[in-house]
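Enquirer: My file is model08.txt. It has compact mmCIF, C-alpha atoms:
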```txt
# COMPACT_ATOMS: atom_id res chain seq x y z
CA MET A 16 -13.88 6.99 11.21
CA THR A 17 -14.61 3.34 11.93
CA ILE A 18 -14.15 0.35 9.67
CA ASP A 19 -16.97 -2.18 9.98
CA GLN A 20 -15.64 -5.45 8.58
CA SER A 21 -17.84 -8.22 7.23
CA GLY A 22 -16.85 -10.36 10.17
CA GLY A 23 -18.35 -7.81 12.54
CA SER A 24 -15.20 -6.43 14.19
CA VAL A 25 -14.63 -2.67 14.29
CA ARG A 26 -11.40 -0.68 14.62
CA ASP A 27 -11.27 3.02 15.35
CA ALA A 28 -9.56 5.79 13.42
CA SER A 29 -6.30 5.55 15.37
CA SER A 30 -5.68 2.15 13.76
CA TYR A 31 -5.38 3.71 10.29
CA THR A 32 -3.48 6.39 8.41
CA GLU A 33 -4.45 8.39 5.36
CA ASP A 34 -1.59 8.49 2.88
CA HIS A 35 -1.32 10.55 -0.28
CA PHE A 36 -0.19 9.21 -3.66
CA LEU A 37 0.47 10.77 -7.08
CA GLY A 38 1.11 14.23 -5.73
CA ASN A 39 -1.95 14.17 -3.43
CA ALA A 40 -4.27 13.08 -6.24
CA LEU A 41 -5.19 9.98 -4.22
CA HIS A 42 -5.95 9.71 -0.51
CA ILE A 43 -5.53 6.11 0.64
CA THR A 44 -6.62 4.82 4.05
CA GLN A 45 -4.59 1.82 5.22
CA PRO A 46 -3.67 0.08 8.47
CA ARG A 47 -1.17 1.92 10.65
CA ASP A 48 0.47 -1.42 11.51
CA GLY A 49 0.82 -4.32 9.10
CA PHE A 50 0.95 -4.30 5.33
CA ARG A 51 1.18 -0.79 3.85
CA ALA A 52 1.15 0.10 0.16
CA GLY A 53 4.01 2.19 -1.16
CA SER A 54 6.15 2.75 -4.24
CA ASP A 55 5.74 -0.80 -5.58
CA ALA A 56 2.02 -0.20 -6.11
CA VAL A 57 2.69 3.07 -7.94
CA LEU A 58 5.35 1.49 -10.19
CA LEU A 59 3.11 -1.49 -10.97
CA ALA A 60 0.27 0.82 -12.02
CA ALA A 61 2.65 2.88 -14.16
CA MET A 62 3.26 -0.19 -16.33
CA ILE A 63 -0.42 -0.54 -17.29
CA SER A 64 -1.54 0.90 -20.65
CA ALA A 65 -5.23 0.57 -21.52
CA ARG A 66 -7.86 1.93 -23.87
CA ALA A 67 -11.18 3.42 -22.80
CA GLY A 68 -13.69 0.78 -21.73
CA GLU A 69 -11.13 -1.92 -20.97
CA SER A 70 -11.19 -3.93 -17.74
CA LEU A 71 -8.45 -4.09 -15.10
CA LEU A 72 -7.96 -6.80 -12.48
CA ASP A 73 -5.65 -6.44 -9.47
CA VAL A 74 -4.97 -9.84 -7.88
CA GLY A 75 -4.11 -9.47 -4.18
CA CYS A 76 -5.14 -5.82 -4.29
CA GLY A 77 -4.75 -4.92 -0.62
CA VAL A 78 -6.40 -1.54 0.01
CA GLY A 79 -6.59 -0.90 -3.75
CA THR A 80 -3.65 1.46 -4.22
CA ALA A 81 -2.23 0.07 -7.48
CA GLY A 82 -5.66 -0.08 -9.09
CA PHE A 83 -6.53 3.47 -8.08
CA CYS A 84 -3.20 4.74 -9.40
CA ALA A 85 -4.08 3.10 -12.71
CA LEU A 86 -7.64 4.49 -12.73
CA ASN A 87 -6.36 7.98 -11.99
CA ARG A 88 -4.63 7.87 -15.39
CA LEU A 89 -7.24 5.66 -17.09
CA PRO A 90 -10.57 7.10 -15.89
CA ASP A 91 -12.63 5.38 -18.61
CA CYS A 92 -11.63 1.87 -17.51
CA ARG A 93 -13.26 -0.42 -14.95
CA LEU A 94 -11.33 -1.93 -12.04
CA TRP A 95 -11.81 -5.22 -10.22
CA GLY A 96 -9.76 -6.32 -7.24
CA ILE A 97 -9.36 -9.63 -5.42
CA GLU A 98 -8.27 -9.60 -1.78
CA LEU A 99 -8.09 -12.40 0.77
CA GLN A 100 -8.18 -10.27 3.92
CA SER A 101 -11.56 -8.85 4.93
CA GLU A 102 -10.17 -5.69 6.50
CA LEU A 103 -8.13 -4.78 3.43
CA ALA A 104 -11.04 -5.48 1.06
CA THR A 105 -13.24 -3.22 3.20
CA LEU A 106 -10.64 -0.48 3.06
CA ALA A 107 -10.38 -0.85 -0.72
CA ARG A 108 -14.13 -0.20 -1.01
CA LEU A 109 -13.83 2.81 1.30
CA ASN A 110 -10.92 4.16 -0.73
CA ALA A 111 -12.92 3.75 -3.93
CA GLU A 112 -15.68 5.92 -2.47
CA ASN A 113 -13.31 8.52 -1.05
CA ASN A 114 -11.45 8.92 -4.35
CA GLY A 115 -14.47 9.05 -6.64
CA PHE A 116 -14.15 5.54 -8.08
CA ALA A 117 -17.17 3.89 -6.49
CA GLU A 118 -18.93 3.44 -9.85
CA GLN A 119 -15.84 2.05 -11.57
CA ALA A 120 -14.36 -0.29 -8.99
CA ARG A 121 -15.51 -3.53 -7.41
CA PHE A 122 -13.60 -5.60 -4.86
CA VAL A 123 -14.07 -9.31 -4.25
CA GLU A 124 -13.08 -10.89 -0.95
CA ALA A 125 -11.88 -14.34 -2.01
CA ASP A 126 -9.07 -16.89 -1.79
CA ILE A 127 -7.53 -17.49 -5.22
CA GLY A 128 -6.69 -21.02 -4.11
CA GLU A 129 -10.35 -21.84 -3.42
CA ARG A 130 -12.62 -21.77 -6.47
CA ALA A 131 -15.70 -22.00 -4.26
CA SER A 132 -14.97 -18.58 -2.76
CA PHE A 133 -15.86 -17.00 -6.15
CA ARG A 134 -19.13 -18.90 -6.56
CA SER A 135 -21.47 -15.91 -6.17
CA GLU A 136 -19.26 -13.40 -7.99
CA THR A 137 -19.52 -12.17 -11.56
CA GLY A 138 -16.97 -10.44 -13.74
CA PRO A 139 -17.21 -8.31 -16.89
CA GLY A 140 -20.31 -9.06 -18.92
CA ASP A 141 -21.92 -10.88 -15.97
CA LYS A 142 -19.87 -14.00 -16.64
CA ALA A 143 -18.90 -16.14 -13.69
CA PHE A 144 -15.80 -14.50 -12.25
CA LEU A 145 -13.44 -17.40 -12.94
CA GLU A 146 -14.67 -17.56 -16.54
CA ALA A 147 -14.51 -13.82 -17.19
CA GLY A 148 -11.64 -12.41 -19.18
CA PHE A 149 -9.94 -9.14 -18.23
CA ASP A 150 -7.99 -6.90 -20.59
CA HIS A 151 -5.23 -6.24 -18.07
CA VAL A 152 -4.33 -8.34 -15.03
CA PHE A 153 -1.69 -7.08 -12.61
CA THR A 154 -0.38 -8.20 -9.25
CA ASN A 155 2.09 -7.62 -6.42
CA PRO A 156 2.23 -11.12 -4.87
CA PRO A 157 3.71 -12.02 -1.49
CA PHE A 158 7.48 -11.68 -1.80
CA TYR A 159 8.65 -14.63 0.30
CA GLY A 160 8.08 -18.36 0.15
CA LYS A 161 7.15 -20.31 3.26
CA GLY A 162 10.11 -20.55 5.64
CA ARG A 163 12.04 -17.85 3.76
CA ALA A 164 11.12 -14.94 6.05
CA ARG A 165 10.19 -14.29 9.65
CA VAL A 166 6.56 -14.10 10.60
CA ALA A 167 5.63 -10.45 11.03
CA LYS A 168 4.15 -8.88 14.16
CA THR A 169 0.72 -8.67 12.54
CA GLU A 170 -1.23 -11.30 10.62
CA THR A 171 -2.07 -8.71 7.96
CA LYS A 172 1.60 -8.14 7.15
CA THR A 173 2.45 -11.85 7.33
CA LEU A 174 -0.26 -12.76 4.81
CA ALA A 175 0.84 -9.96 2.49
CA HIS A 176 4.54 -10.84 2.53
CA ILE A 177 4.75 -14.62 2.95
CA GLU A 178 3.16 -17.10 0.56
CA GLY A 179 0.29 -19.08 2.02
CA SER A 180 -1.43 -21.99 0.34
CA VAL A 181 -0.78 -20.49 -3.11
CA ALA A 182 2.88 -20.38 -4.14
CA LEU A 183 4.18 -17.85 -6.68
CA PRO A 184 3.91 -20.12 -9.77
CA GLU A 185 0.28 -20.97 -9.01
CA TRP A 186 -0.48 -17.32 -8.20
CA LEU A 187 0.83 -16.21 -11.59
CA GLN A 188 -0.95 -19.04 -13.39
CA PHE A 189 -4.20 -17.77 -11.83
CA CYS A 190 -3.43 -14.31 -13.22
CA VAL A 191 -2.76 -15.65 -16.72
CA ALA A 192 -6.00 -17.64 -16.62
CA ARG A 193 -8.00 -14.48 -15.81
CA ALA A 194 -6.61 -12.51 -18.77
CA LYS A 195 -8.29 -12.33 -22.16
CA SER A 196 -6.47 -13.56 -25.25
CA LYS A 197 -3.95 -10.80 -26.10
CA GLY A 198 -4.54 -9.24 -22.69
CA THR A 199 -1.60 -8.22 -20.56
CA VAL A 200 -0.35 -9.82 -17.34
CA THR A 201 1.97 -7.68 -15.21
CA VAL A 202 3.81 -8.49 -11.97
CA ILE A 203 6.19 -6.63 -9.69
CA HIS A 204 8.40 -8.75 -7.47
CA ARG A 205 11.87 -9.26 -6.04
CA ALA A 206 14.56 -9.48 -8.73
CA ASP A 207 15.86 -12.77 -7.34
CA ARG A 208 12.51 -14.41 -8.19
CA LEU A 209 12.82 -13.52 -11.88
CA GLY A 210 13.49 -17.13 -12.88
CA ASP A 211 10.31 -18.31 -11.17
CA ILE A 212 8.30 -15.47 -12.74
CA LEU A 213 9.50 -16.20 -16.26
CA ALA A 214 8.92 -19.94 -15.88
CA ALA A 215 5.32 -19.32 -14.81
CA LEU A 216 4.42 -16.63 -17.33
CA GLN A 217 6.03 -18.30 -20.33
CA LYS A 218 3.46 -21.09 -20.11
CA GLY A 219 0.73 -18.76 -21.34
CA CYS A 220 2.32 -15.47 -22.37
CA GLY A 221 4.76 -14.15 -24.92
CA ARG A 222 6.37 -10.80 -25.72
CA LEU A 223 7.59 -10.78 -22.13
CA LYS A 224 9.06 -7.42 -21.16
CA ILE A 225 11.46 -7.31 -18.20
CA VAL A 226 11.89 -3.95 -16.47
CA PRO A 227 14.67 -3.88 -13.83
CA LEU A 228 14.22 -1.30 -11.09
CA TRP A 229 17.64 -0.07 -10.04
CA PRO A 230 17.91 1.55 -6.54
CA GLU A 231 20.56 3.82 -8.09
CA ALA A 232 22.97 3.68 -11.03
CA GLY A 233 25.64 1.01 -10.59
CA GLN A 234 23.65 -1.05 -8.06
CA SER A 235 21.98 -4.40 -8.64
CA ALA A 236 18.23 -4.35 -9.20
CA LYS A 237 16.20 -5.39 -6.16
CA ARG A 238 12.80 -5.22 -7.85
CA VAL A 239 11.67 -6.20 -11.31
CA ILE A 240 8.49 -5.73 -13.30
CA VAL A 241 7.57 -8.36 -15.87
CA GLN A 242 4.75 -7.94 -18.36
CA GLY A 243 3.55 -10.45 -20.92
CA ILE A 244 0.78 -10.75 -23.50
CA LYS A 245 -1.44 -13.80 -23.25
CA GLY A 246 -1.20 -16.04 -26.29
CA ASP A 247 1.54 -14.00 -27.97
CA LYS A 248 4.58 -15.77 -29.43
CA SER A 249 6.96 -12.83 -29.75
CA PRO A 250 10.40 -13.02 -28.06
CA LEU A 251 11.39 -11.66 -24.68
CA GLU A 252 12.64 -8.09 -24.28
CA LEU A 253 15.02 -6.90 -21.56
CA THR A 254 14.52 -3.15 -21.18
CA ARG A 255 17.00 -0.65 -19.77
CA GLY A 256 14.74 -0.35 -16.74
CA LEU A 257 14.35 2.55 -14.36
CA VAL A 258 16.87 4.10 -11.96
CA LEU A 259 14.97 5.21 -8.86
CA HIS A 260 17.50 7.38 -6.97
CA GLU A 261 20.45 9.65 -7.58
CA LYS A 262 23.73 9.12 -5.73
CA ASP A 263 22.61 11.57 -3.02
CA GLY A 264 19.45 9.52 -2.38
CA SER A 265 17.03 11.93 -4.03
CA PRO A 266 14.54 10.50 -6.55
CA THR A 267 15.50 10.66 -10.21
CA ALA A 268 13.47 12.87 -12.51
CA ALA A 269 11.91 9.79 -14.11
CA ALA A 270 10.94 8.28 -10.75
CA THR A 271 9.50 11.62 -9.63
CA ALA A 272 7.38 11.89 -12.78
CA ILE A 273 5.85 8.51 -12.01
CA ALA A 274 5.38 9.05 -8.27
CA ARG A 275 4.13 12.66 -8.40
CA LYS A 276 2.57 13.09 -11.82
CA GLY A 277 1.33 9.60 -12.65
CA ALA A 278 3.59 9.19 -15.69
CA THR A 279 3.74 5.80 -17.37
CA LEU A 280 6.78 3.60 -17.04
CA GLN A 281 6.93 3.12 -20.81
CA SER A 282 7.36 6.86 -21.31
CA GLU A 283 10.30 6.96 -18.89
CA MET A 284 12.31 3.94 -20.09
```
Take the structure in the file and write it out as structure tokens.
Expert:
Amino acid sequence: MTIDQSGGSVRDASSYTEDHFLGNALHITQPRDGFRAGSDAVLLAAMISARAGESLLDVGCGVGTAGFCALNRLPDCRLWGIELQSELATLARLNAENNGFAEQARFVEADIGERASFRSETGPGDKAFLEAGFDHVFTNPPFYGKGRARVAKTETKTLAHIEGSVALPEWLQFCVARAKSKGTVTVIHRADRLGDILAALQKGCGRLKIVPLWPEAGQSAKRVIVQGIKGDKSPLELTRGLVLHEKDGSPTAAATAIARKGATLQSEM
């Protein structure tokens, strides 16, 4: 296997791994070194509920893992993804083909901080991409602000983990702007950024639902999922969340149902 990027560079098969998700239902090719999708993508997808024919948008989609986990459960929906890095966008398209989603998924290589990078793209209904509304927008943004983490060994991992020109509030405002009225906006992030997440989402969303992800019972949450509804005025809800591991380190039954069987988070809370 070779990956022919739009910029013309080619890497051979040894640069990539094929990883299995949802009990081997999905086979995802991703870089051996650098940013690698894992449980966060699966948990994010598990929070998405959609009806047949609705549109999904993954902002900062990487190799497409979260979107494909959602499509595996929602086969009658259509997926769009936005990714800054050419190599990852190329892999997302390859993964769509390899998992039978080529007709349902489209990936845009663009910088969400540069409107001009979307100029030739269209969204649902052939509207200009930045004017198109999506039924469900979800995202796993870079976890660290500038100067808050060490630069990684690879540029791919650095760009995925450390905020660039678009800080978290602006990233989330972009997501809210892409959602339809009454559409959902969902984010997974570090628990210590919850204040920033709520401040950003509350400007356009209501009925915010906070889902703490506990490493194990009795420990502080390190991850949190927040979902809001655009234009809604209902109050915030703090859910009981999800415990990921038993005391012996094994996954809980609820976490296993999500990771292996593609269960929804709502059904497990």
Enquirer: For a test of reading the model, state the distance in Å between atom CA of A:Ile273 and atom CA of A:Ala61, rounded to one decimal.
Expert: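 Atom-to-atom, atom CA of A:Ile273 to atom CA of A:Ala61, that is 6.8 Å.
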Enquirer: Show me, as a Markdown table, the residues of stretch 44-63 of chain A having an atom within 12 Å of stretch 208-228 of chain A, each with the closest atom pair and its distance in Å, using all atoms listed in the file.
Expert:
```
| residue | atom | partner | partner_atom | distance |
| --- | --- | --- | --- | --- |
| A:Ser54 | CA | A:Leu228 | CA | 11.3 |
| A:Asp55 | CA | A:Leu228 | CA | 10.1 |
| A:Leu58 | CA | A:Leu228 | CA | 9.3 |
| A:Leu59 | CA | A:Val226 | CA | 10.6 |
| A:Ala61 | CA | A:Val226 | CA | 11.7 |
| A:Met62 | CA | A:Val226 | CA | 9.4 |
```
Enquirer: Skip A:Arg205 itself and residues of its chain fewer than 3 positions away, then list as a list in words all residues within 7 Å of it, counting all atoms listed in the file.
Expert: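 Those residues are Phe158, Arg208, Lys237, Arg238 and Val239 of chain A.
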Enquirer: Keeping C-alpha atoms for every residue in the selection just given, could you write it to a file as a short mmCIF file (atom, residue, chain, number, x, y, z; two decimals), in the frame of the given file?
Expert:
```
data_model
loop_
_atom_site.label_atom_id
_atom_site.label_comp_id
_atom_site.auth_asym_id
_atom_site.auth_seq_id
_atom_site.Cartn_x
_atom_site.Cartn_y
_atom_site.Cartn_z
CA PHE A 158 7.48 -11.68 -1.80
CA ARG A 208 12.51 -14.41 -8.19
CA LYS A 237 16.20 -5.39 -6.16
CA ARG A 238 12.80 -5.22 -7.85
CA VAL A 239 11.67 -6.20 -11.31
#
```
Enquirer: Can you tell me how far atom CA of A:Ser265 sits from atom CA of A:Thr279, in Å to one decimal?
Expert: 19.8 Å
Enquirer: In Å, how far is it from atom CA of A:Leu99 to atom CA of A:Gln242?
Expert: 23.5 Å
Enquirer: Between A:Asp48, A:Glu129, A:Glu261, A:Glu102, which is the closest to A:Ala232 once you count only C-alpha atoms?
Expert: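 Closest candidate: A:Glu261.
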Enquirer: Using all atoms listed in the file, find the one residue out of A:Arg66, A:His35, A:Lys142, A:Arg47 that sits nearest to A:Leu86.
Expert: A:Arg66
Enquirer: When you count only C-alpha atoms, which of these residues is closest to A:Gly53: A:Glu231, A:Ala274, A:His204, A:Gly148?
Expert: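 Ranked by minimum distance to A:Gly53, first place goes to A:Ala274.
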Enquirer: Just checking: using all atoms listed in the file, which residue out of A:Gly264, A:Pro139, A:Gly128, A:Pro250 ends up closest to A:Trp95?
Expert: A:Pro139
Enquirer: Using the partial input, fill out stretch 35-56 of chain A with N, CA and C atoms; write the result as a short mmCIF file (atom, residue, chain, number, x, y, z; two decimals), in the frame of the given file.
Expert:
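Dumped to selection-v4.cif:
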```cif
data_model
loop_
_atom_site.label_atom_id
_atom_site.label_comp_id
_atom_site.auth_asym_id
_atom_site.auth_seq_id
_atom_site.Cartn_x
_atom_site.Cartn_y
_atom_site.Cartn_z
N HIS A 35 -1.07 9.90 0.99
CA HIS A 35 -1.32 10.55 -0.28
C HIS A 35 -0.39 9.98 -1.36
N PHE A 36 -0.94 9.74 -2.53
CA PHE A 36 -0.19 9.21 -3.66
C PHE A 36 -0.40 10.09 -4.87
N LEU A 37 0.54 10.02 -5.81
CA LEU A 37 0.47 10.77 -7.08
C LEU A 37 0.29 12.26 -6.83
N GLY A 38 1.16 12.80 -5.98
CA GLY A 38 1.11 14.23 -5.73
C GLY A 38 -0.19 14.69 -5.10
N ASN A 39 -0.71 13.89 -4.16
CA ASN A 39 -1.95 14.17 -3.43
C ASN A 39 -3.22 13.96 -4.26
N ALA A 40 -3.08 13.36 -5.44
CA ALA A 40 -4.27 13.08 -6.24
C ALA A 40 -5.12 11.99 -5.60
N LEU A 41 -4.49 11.08 -4.88
CA LEU A 41 -5.19 9.98 -4.22
C LEU A 41 -4.97 10.04 -2.72
N HIS A 42 -6.03 9.80 -1.96
CA HIS A 42 -5.95 9.71 -0.51
C HIS A 42 -6.33 8.28 -0.13
N ILE A 43 -5.35 7.54 0.39
CA ILE A 43 -5.53 6.11 0.64
C ILE A 43 -5.49 5.83 2.15
N THR A 44 -6.57 5.26 2.66
CA THR A 44 -6.62 4.82 4.05
C THR A 44 -6.09 3.40 4.13
N GLN A 45 -5.16 3.16 5.06
CA GLN A 45 -4.59 1.82 5.22
C GLN A 45 -4.19 1.61 6.68
N PRO A 46 -3.99 0.35 7.07
CA PRO A 46 -3.67 0.08 8.47
C PRO A 46 -2.38 0.77 8.90
N ARG A 47 -2.38 1.30 10.12
CA ARG A 47 -1.17 1.92 10.65
C ARG A 47 -0.08 0.87 10.85
N ASP A 48 -0.46 -0.30 11.32
CA ASP A 48 0.47 -1.42 11.51
C ASP A 48 0.10 -2.53 10.53
N GLY A 49 1.09 -3.23 10.03
CA GLY A 49 0.82 -4.32 9.10
C GLY A 49 1.22 -3.93 7.70
N PHE A 50 0.60 -4.56 6.71
CA PHE A 50 0.95 -4.30 5.33
C PHE A 50 0.52 -2.89 4.92
N ARG A 51 1.45 -2.16 4.29
CA ARG A 51 1.18 -0.79 3.85
C ARG A 51 1.66 -0.64 2.41
N ALA A 52 0.79 -0.12 1.56
CA ALA A 52 1.15 0.10 0.16
C ALA A 52 2.14 1.25 0.05
N GLY A 53 3.02 1.15 -0.94
CA GLY A 53 4.01 2.19 -1.16
C GLY A 53 4.40 2.30 -2.62
N SER A 54 5.69 2.48 -2.88
CA SER A 54 6.15 2.75 -4.24
C SER A 54 5.94 1.58 -5.19
N ASP A 55 5.95 0.34 -4.68
CA ASP A 55 5.74 -0.80 -5.58
C ASP A 55 4.39 -0.72 -6.26
N ALA A 56 3.36 -0.32 -5.53
CA ALA A 56 2.02 -0.20 -6.11
C ALA A 56 1.99 0.86 -7.20
#
```
